[in-house]
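Q: Okay, so here is model.txt, and as you'll see once you scroll down, it has compact mmCIF, C-alpha atoms.
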# COMPACT_ATOMS: atom_id res chain seq x y z
CA MET H 1 -13.48 17.98 11.73
CA ASP H 2 -11.41 16.21 14.33
CA PHE H 3 -7.64 15.90 13.74
CA THR H 4 -7.47 12.96 16.16
CA GLN H 5 -9.65 10.72 13.98
CA ASP H 6 -8.04 7.72 12.37
CA HIS H 7 -8.13 7.52 8.58
CA PHE H 8 -11.12 5.19 8.55
CA ALA H 9 -13.19 7.44 10.83
CA LEU H 10 -12.27 10.45 8.70
CA PHE H 11 -14.07 8.81 5.76
CA GLY H 12 -16.78 7.20 7.88
CA LEU H 13 -15.56 3.73 6.92
CA PRO H 14 -15.33 0.67 9.14
CA ARG H 15 -11.84 -0.10 10.38
CA ARG H 16 -11.10 -3.15 8.24
CA TYR H 17 -8.75 -4.31 5.53
CA SER H 18 -11.43 -4.89 2.89
CA ILE H 19 -12.85 -1.60 1.74
CA ASP H 20 -14.98 -0.43 -1.15
CA LEU H 21 -12.47 1.54 -3.24
CA PRO H 22 -15.08 3.34 -5.39
CA GLU H 23 -16.82 4.43 -2.16
CA LEU H 24 -13.50 5.64 -0.74
CA GLU H 25 -12.90 7.64 -3.93
CA LYS H 26 -16.38 9.18 -3.71
CA LEU H 27 -15.94 10.09 -0.04
CA TYR H 28 -12.48 11.54 -0.74
CA ARG H 29 -13.84 13.82 -3.46
CA GLU H 30 -16.74 14.94 -1.24
CA ILE H 31 -14.44 15.82 1.65
CA GLN H 32 -11.89 17.51 -0.59
CA THR H 33 -14.59 19.78 -2.02
CA ARG H 34 -15.20 21.01 1.54
CA VAL H 35 -11.63 21.32 2.82
CA HIS H 36 -9.50 22.11 -0.24
CA PRO H 37 -7.52 25.33 0.35
CA ASP H 38 -8.78 26.86 -2.92
CA LYS H 39 -12.26 26.94 -1.37
CA HIS H 40 -10.97 29.11 1.49
CA VAL H 41 -8.95 31.85 -0.20
CA ASN H 42 -11.14 34.60 1.25
CA LEU H 43 -10.74 33.47 4.86
CA SER H 44 -8.21 34.58 7.45
CA ASP H 45 -4.64 33.27 7.43
CA ALA H 46 -5.40 30.99 10.37
CA GLU H 47 -8.48 29.53 8.65
CA ARG H 48 -6.53 29.00 5.41
CA ARG H 49 -3.77 27.20 7.34
CA LEU H 50 -6.40 25.00 8.98
CA ALA H 51 -7.91 24.21 5.57
CA MET H 52 -4.42 23.32 4.31
CA GLN H 53 -3.87 21.01 7.29
CA TRP H 54 -7.21 19.33 6.67
CA SER H 55 -6.52 18.92 2.99
CA THR H 56 -3.12 17.40 3.77
CA GLN H 57 -4.63 15.00 6.31
CA VAL H 58 -7.39 13.97 3.90
CA ASN H 59 -4.82 13.35 1.13
CA GLU H 60 -2.61 11.28 3.44
CA ALA H 61 -5.58 9.25 4.69
CA TYR H 62 -6.78 8.62 1.14
CA GLN H 63 -3.34 7.55 -0.11
CA THR H 64 -2.96 5.19 2.85
CA LEU H 65 -6.38 3.57 2.54
CA ARG H 66 -6.39 3.17 -1.23
CA GLN H 67 -3.18 1.12 -1.28
CA PRO H 68 -3.66 -2.36 0.19
CA LEU H 69 -0.17 -2.71 1.65
CA ARG H 70 -0.18 0.73 3.24
CA ARG H 71 -3.71 0.07 4.53
CA ALA H 72 -2.51 -3.17 6.15
CA GLN H 73 0.44 -1.38 7.77
CA TYR H 74 -1.91 1.30 9.06
CA LEU H 75 -4.32 -1.26 10.51
CA LEU H 76 -1.43 -2.96 12.26
CA HIS H 77 -0.26 0.40 13.58
CA LEU H 78 -3.76 1.07 14.94
CA ALA H 79 -3.67 -2.35 16.63
CA GLY H 80 -0.37 -1.41 18.29
CA ILE H 81 1.72 -3.72 16.10
CA ASP H 82 5.04 -2.40 14.86
CA VAL H 83 5.77 -4.04 11.52
CA GLY H 84 9.43 -3.54 12.42
CA LEU H 85 10.67 -2.87 8.91
CA GLU H 86 13.90 -1.30 10.11
CA ARG H 87 14.71 -3.86 12.81
CA ASN H 88 12.99 -7.09 11.81
CA THR H 89 14.39 -8.35 8.54
CA ALA H 90 14.10 -12.04 9.42
CA MET H 91 12.19 -13.94 6.75
CA PRO H 92 11.28 -17.59 6.37
CA PRO H 93 14.03 -19.44 4.48
CA GLU H 94 11.60 -20.61 1.78
CA PHE H 95 10.55 -17.01 1.13
CA LEU H 96 14.20 -15.93 0.84
CA MET H 97 14.92 -18.78 -1.57
CA GLN H 98 11.89 -17.78 -3.66
CA GLN H 99 13.11 -14.18 -3.74
CA MET H 100 16.57 -15.29 -4.86
CA GLU H 101 14.98 -17.35 -7.65
CA TRP H 102 12.81 -14.41 -8.75
CA ARG H 103 15.81 -12.08 -8.79
CA GLU H 104 17.97 -14.53 -10.74
CA ALA H 105 15.16 -14.99 -13.26
CA LEU H 106 14.80 -11.21 -13.55
CA GLU H 107 18.53 -10.75 -14.16
CA GLU H 108 18.53 -13.45 -16.85
CA VAL H 109 15.59 -12.08 -18.82
CA LYS H 110 16.70 -8.51 -18.31
CA HIS H 111 20.16 -9.31 -19.65
CA ALA H 112 18.60 -11.12 -22.64
CA ALA H 113 16.13 -8.22 -23.14
CA ASP H 114 13.47 -10.91 -23.44
CA TYR H 115 10.21 -8.94 -23.35
CA PRO H 116 7.84 -11.97 -23.38
CA ALA H 117 9.79 -13.57 -20.52
CA LEU H 118 9.65 -10.30 -18.57
CA GLU H 119 5.88 -10.14 -19.11
CA GLU H 120 5.58 -13.74 -17.90
CA LEU H 121 7.66 -12.91 -14.82
CA HIS H 122 5.48 -9.85 -14.20
CA THR H 123 2.32 -11.96 -14.44
CA ARG H 124 3.71 -14.59 -12.08
CA MET H 125 4.78 -11.95 -9.54
CA LYS H 126 1.36 -10.25 -9.69
CA GLN H 127 -0.31 -13.63 -9.06
CA GLU H 128 2.01 -14.34 -6.13
CA MET H 129 1.20 -10.94 -4.68
CA ALA H 130 -2.54 -11.48 -5.19
CA ASP H 131 -2.18 -14.68 -3.15
CA GLN H 132 -0.31 -12.73 -0.47
CA TYR H 133 -3.04 -10.06 -0.39
CA ARG H 134 -5.64 -12.78 0.18
CA ARG H 135 -3.48 -14.21 2.97
CA LEU H 136 -3.15 -10.75 4.47
CA GLU H 137 -6.90 -10.21 4.36
CA ASN H 138 -7.38 -13.51 6.17
CA GLN H 139 -4.76 -12.57 8.78
CA LEU H 140 -6.36 -9.19 9.41
CA GLU H 141 -10.07 -10.04 9.20
CA VAL H 142 -11.08 -13.69 9.02
CA THR H 143 -8.84 -15.25 11.66
CA PRO H 144 -6.96 -12.26 13.05
CA ASN H 145 -3.29 -12.84 13.62
CA HIS H 146 -1.54 -9.48 13.69
CA LEU H 147 1.95 -10.89 14.13
CA ALA H 148 1.55 -13.12 11.07
CA ALA H 149 0.10 -10.15 9.17
CA ALA H 150 3.17 -8.08 10.10
CA GLY H 151 5.38 -10.81 8.63
CA THR H 152 3.29 -10.89 5.46
CA VAL H 153 3.55 -7.11 5.15
CA ARG H 154 7.35 -7.30 5.43
CA GLN H 155 7.44 -9.99 2.72
CA MET H 156 5.14 -8.01 0.46
CA MET H 157 7.39 -4.98 0.68
CA PHE H 158 10.15 -7.11 -0.87
CA GLN H 159 7.73 -8.30 -3.52
CA GLU H 160 6.52 -4.79 -4.37
CA LYS H 161 10.10 -3.68 -4.81
CA LEU H 162 10.78 -6.62 -7.11
CA LEU H 163 7.62 -5.88 -9.10
CA LEU H 164 8.81 -2.30 -9.61
CA GLU H 165 12.15 -3.63 -10.85
CA ILE H 166 10.32 -5.88 -13.31
CA ASP H 167 8.24 -2.90 -14.46
CA ASP H 168 11.45 -0.87 -14.98
CA ALA H 169 13.00 -3.74 -16.95
CA LEU H 170 9.88 -3.96 -19.14
CA ALA H 171 10.03 -0.23 -19.80
CA ALA H 172 13.75 -0.41 -20.64
CA VAL H 173 13.23 -3.25 -23.11
CA GLU H 174 10.30 -1.44 -24.73
CA SER H 175 12.34 1.69 -25.44
Take the structure I supplied and represent it as structure tokens, if you would.

A:
Amino acid sequence: MDFTQDHFALFGLPRRYSIDLPELEKLYREIQTRVHPDKHVNLSDAERRLAMQWSTQVNEAYQTLRQPLRRAQYLLHLAGIDVGLERNTAMPPEFLMQQMEWREALEEVKHAADYPALEELHTRMKQEMADQYRRLENQLEVTPNHLAAAGTVRQMMFQEKLLLEIDDALAAVES
């Protein structure tokens, strides 16, 4: 195995945003059966370390490719595009207004411990994110625009964080 391979090449997959997740899972399991450190306990220390490195790389590649947002970030990285999460926090004003509205709505229903309203908010956020994922797929594959895709990735990171907060609020109300 070649440590310089990108994650897609490691699994023998085309370098694209849309991937067959069941196929990725199958390939991951096949590779892990070959490189997992437990399969190499009777080898030398150096060979066991190499198996550990391979297993770690395979796990990292799998985790990156199976998550759409991480996969998009990785594709942008491979294209030489820095998403600029630490330095580029500029967002379109309409997106920022939408985020403020979502957060205000979350605070209201969280304070009221309104489980049905939290579920509704969760459903709306998931739909918004599904729309963003479709936009991202278009930006990465259909009519490639890596800079626009980087902006979408930055926005989606905000949305994923908000979705986790909604999930936490749902769990708190349930208990």

Q: With distances taken over only C-alpha atoms, which residue among H:Tyr115, H:Tyr74, H:Phe158, H:Tyr28 lies nearest Tyr62 of chain H?

A: H:Tyr28

Q: Could you check which of H:Glu60, H:Asp20, H:Asp167, H:Glu47 is closest to Thr123 of chain H, using all atoms listed in the file?

A: H:Asp167

Q: Between atom CA of Asn88 of chain H and atom CA of Ala150 of chain H, what is the distance, to one decimal in Å?

A: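 So the answer is 10.0 Å.
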
Q: For atom CA of Gln132 of chain H and atom CA of Leu24 of chain H, determine how far apart the two atoms are, in Å to one decimal place.

A: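 Between atom CA of Gln132 of chain H and atom CA of Leu24 of chain H the gap works out to 22.6 Å.
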
Q: So how many Å separate atom CA of Pro144 of chain H and atom CA of Gly80 of chain H, to one decimal?

A: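 Separation between atom CA of Pro144 of chain H and atom CA of Gly80 of chain H: 13.7 Å.
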
Q: Given the point (9.9, -12.4, -9.7) in the file's coordinates, find the residues that have an atom at most 8 Å from it, counting all atoms listed in the file, and give them as an MDAnalysis selection string.

A: chainID H and resid 99 101:103 105:106 121:122 124:125 159 162:163 166

Q: Given the choices H:Met100, H:Val173, H:Ile19, H:Val41, which gets closest to Ala112 of chain H if the distance is worked out from all atoms listed in the file?

A: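 Distance minimum relative to Ala112 of chain H lands on H:Val173.
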
Q: Residues within 10 Å of Leu85 of chain H, please, as a list of chain:residue names. Count all atoms listed in the file; anything in the same chain fewer than 2 positions from it doesn't count.

A: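 The neighbour list is H:Asp82, H:Val83, H:Arg87, H:Asn88, H:Thr89, H:Ala90, H:Ala150, H:Gly151, H:Val153, H:Arg154, H:Gln155, H:Met157.
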
Q: If you count all atoms listed in the file, which residues fall within 6 Å of segment 55-59 of chain H, apart from same-chain ones fewer than 2 positions away, as a list in words?

A: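 Those residues are Val35, His36, Met52, Gln53, Ala61 and Tyr62 of chain H.
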
Q: Once you have the residues from the selection above, write them out as an mmCIF file, in the frame of the given file, restricted to C-alpha atoms.

A:
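Output file again-v6.cif is given in full below:
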data_model
loop_
_atom_site.group_PDB
_atom_site.id
_atom_site.type_symbol
_atom_site.label_atom_id
_atom_site.label_comp_id
_atom_site.auth_asym_id
_atom_site.auth_seq_id
_atom_site.Cartn_x
_atom_site.Cartn_y
_atom_site.Cartn_z
ATOM 1 C CA VAL H 35 -11.630 21.320 2.820
ATOM 2 C CA HIS H 36 -9.500 22.110 -0.240
ATOM 3 C CA MET H 52 -4.420 23.320 4.310
ATOM 4 C CA GLN H 53 -3.870 21.010 7.290
ATOM 5 C CA ALA H 61 -5.580 9.250 4.690
ATOM 6 C CA TYR H 62 -6.780 8.620 1.140
#

Q: For Glu25 of chain H, which residue among H:Met156, H:Ala46, H:Leu136, H:Leu65 is the nearest when counting only C-alpha atoms?

A: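 Of H:Met156, H:Ala46, H:Leu136, H:Leu65, the one nearest Glu25 of chain H is H:Leu65, counting only C-alpha atoms.
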
Q: Rank H:Leu10, H:Leu75, H:Met91, H:Ala172 by their smallest atom-to-atom distance to Trp54 of chain H, using all atoms listed in the file, and report the top residue only.

A: H:Leu10

Q: Identify which of the residues H:Asp114, H:Glu23, H:Glu128, H:Asp45 lies closest to Glu174 of chain H, counting only C-alpha atoms when measuring atom-to-atom distances.

A: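 Looking only at the distances to Glu174 of chain H, the closest residue turns out to be H:Asp114.
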
Q: N, CA and C atoms for segment 115-129 of chain H, written as a PDB file, keeping the file's coordinate frame, could you do that?

A:
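Output file result.pdb is given in full below:
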ATOM      1  N   TYR H 115      11.461  -9.578 -23.767  1.00  0.00           N
ATOM      2  CA  TYR H 115      10.210  -8.940 -23.350  1.00  0.00           C
ATOM      3  C   TYR H 115       9.121  -9.952 -22.976  1.00  0.00           C
ATOM      4  N   PRO H 116       8.871 -10.994 -23.770  1.00  0.00           N
ATOM      5  CA  PRO H 116       7.840 -11.970 -23.380  1.00  0.00           C
ATOM      6  C   PRO H 116       8.148 -12.648 -22.036  1.00  0.00           C
ATOM      7  N   ALA H 117       9.417 -12.950 -21.802  1.00  0.00           N
ATOM      8  CA  ALA H 117       9.790 -13.570 -20.520  1.00  0.00           C
ATOM      9  C   ALA H 117       9.597 -12.594 -19.367  1.00  0.00           C
ATOM     10  N   LEU H 118       9.883 -11.320 -19.605  1.00  0.00           N
ATOM     11  CA  LEU H 118       9.650 -10.300 -18.570  1.00  0.00           C
ATOM     12  C   LEU H 118       8.150 -10.174 -18.272  1.00  0.00           C
ATOM     13  N   GLU H 119       7.332 -10.204 -19.321  1.00  0.00           N
ATOM     14  CA  GLU H 119       5.880 -10.140 -19.110  1.00  0.00           C
ATOM     15  C   GLU H 119       5.407 -11.351 -18.307  1.00  0.00           C
ATOM     16  N   GLU H 120       5.935 -12.519 -18.631  1.00  0.00           N
ATOM     17  CA  GLU H 120       5.580 -13.740 -17.900  1.00  0.00           C
ATOM     18  C   GLU H 120       5.991 -13.619 -16.437  1.00  0.00           C
ATOM     19  N   LEU H 121       7.183 -13.110 -16.187  1.00  0.00           N
ATOM     20  CA  LEU H 121       7.660 -12.910 -14.820  1.00  0.00           C
ATOM     21  C   LEU H 121       6.762 -11.907 -14.087  1.00  0.00           C
ATOM     22  N   HIS H 122       6.379 -10.862 -14.776  1.00  0.00           N
ATOM     23  CA  HIS H 122       5.480  -9.850 -14.200  1.00  0.00           C
ATOM     24  C   HIS H 122       4.140 -10.487 -13.817  1.00  0.00           C
ATOM     25  N   THR H 123       3.598 -11.290 -14.702  1.00  0.00           N
ATOM     26  CA  THR H 123       2.320 -11.960 -14.440  1.00  0.00           C
ATOM     27  C   THR H 123       2.435 -12.899 -13.249  1.00  0.00           C
ATOM     28  N   ARG H 124       3.519 -13.666 -13.195  1.00  0.00           N
ATOM     29  CA  ARG H 124       3.710 -14.590 -12.080  1.00  0.00           C
ATOM     30  C   ARG H 124       3.859 -13.836 -10.757  1.00  0.00           C
ATOM     31  N   MET H 125       4.590 -12.730 -10.773  1.00  0.00           N
ATOM     32  CA  MET H 125       4.780 -11.950  -9.540  1.00  0.00           C
ATOM     33  C   MET H 125       3.451 -11.341  -9.094  1.00  0.00           C
ATOM     34  N   LYS H 126       2.667 -10.826 -10.045  1.00  0.00           N
ATOM     35  CA  LYS H 126       1.360 -10.250  -9.690  1.00  0.00           C
ATOM     36  C   LYS H 126       0.456 -11.325  -9.076  1.00  0.00           C
ATOM     37  N   GLN H 127       0.508 -12.541  -9.613  1.00  0.00           N
ATOM     38  CA  GLN H 127      -0.310 -13.630  -9.060  1.00  0.00           C
ATOM     39  C   GLN H 127       0.162 -13.983  -7.646  1.00  0.00           C
ATOM     40  N   GLU H 128       1.455 -14.060  -7.463  1.00  0.00           N
ATOM     41  CA  GLU H 128       2.010 -14.340  -6.130  1.00  0.00           C
ATOM     42  C   GLU H 128       1.567 -13.275  -5.136  1.00  0.00           C
ATOM     43  N   MET H 129       1.609 -12.029  -5.562  1.00  0.00           N
ATOM     44  CA  MET H 129       1.200 -10.940  -4.680  1.00  0.00           C
ATOM     45  C   MET H 129      -0.302 -10.979  -4.407  1.00  0.00           C
TER      46      MET H 129
END
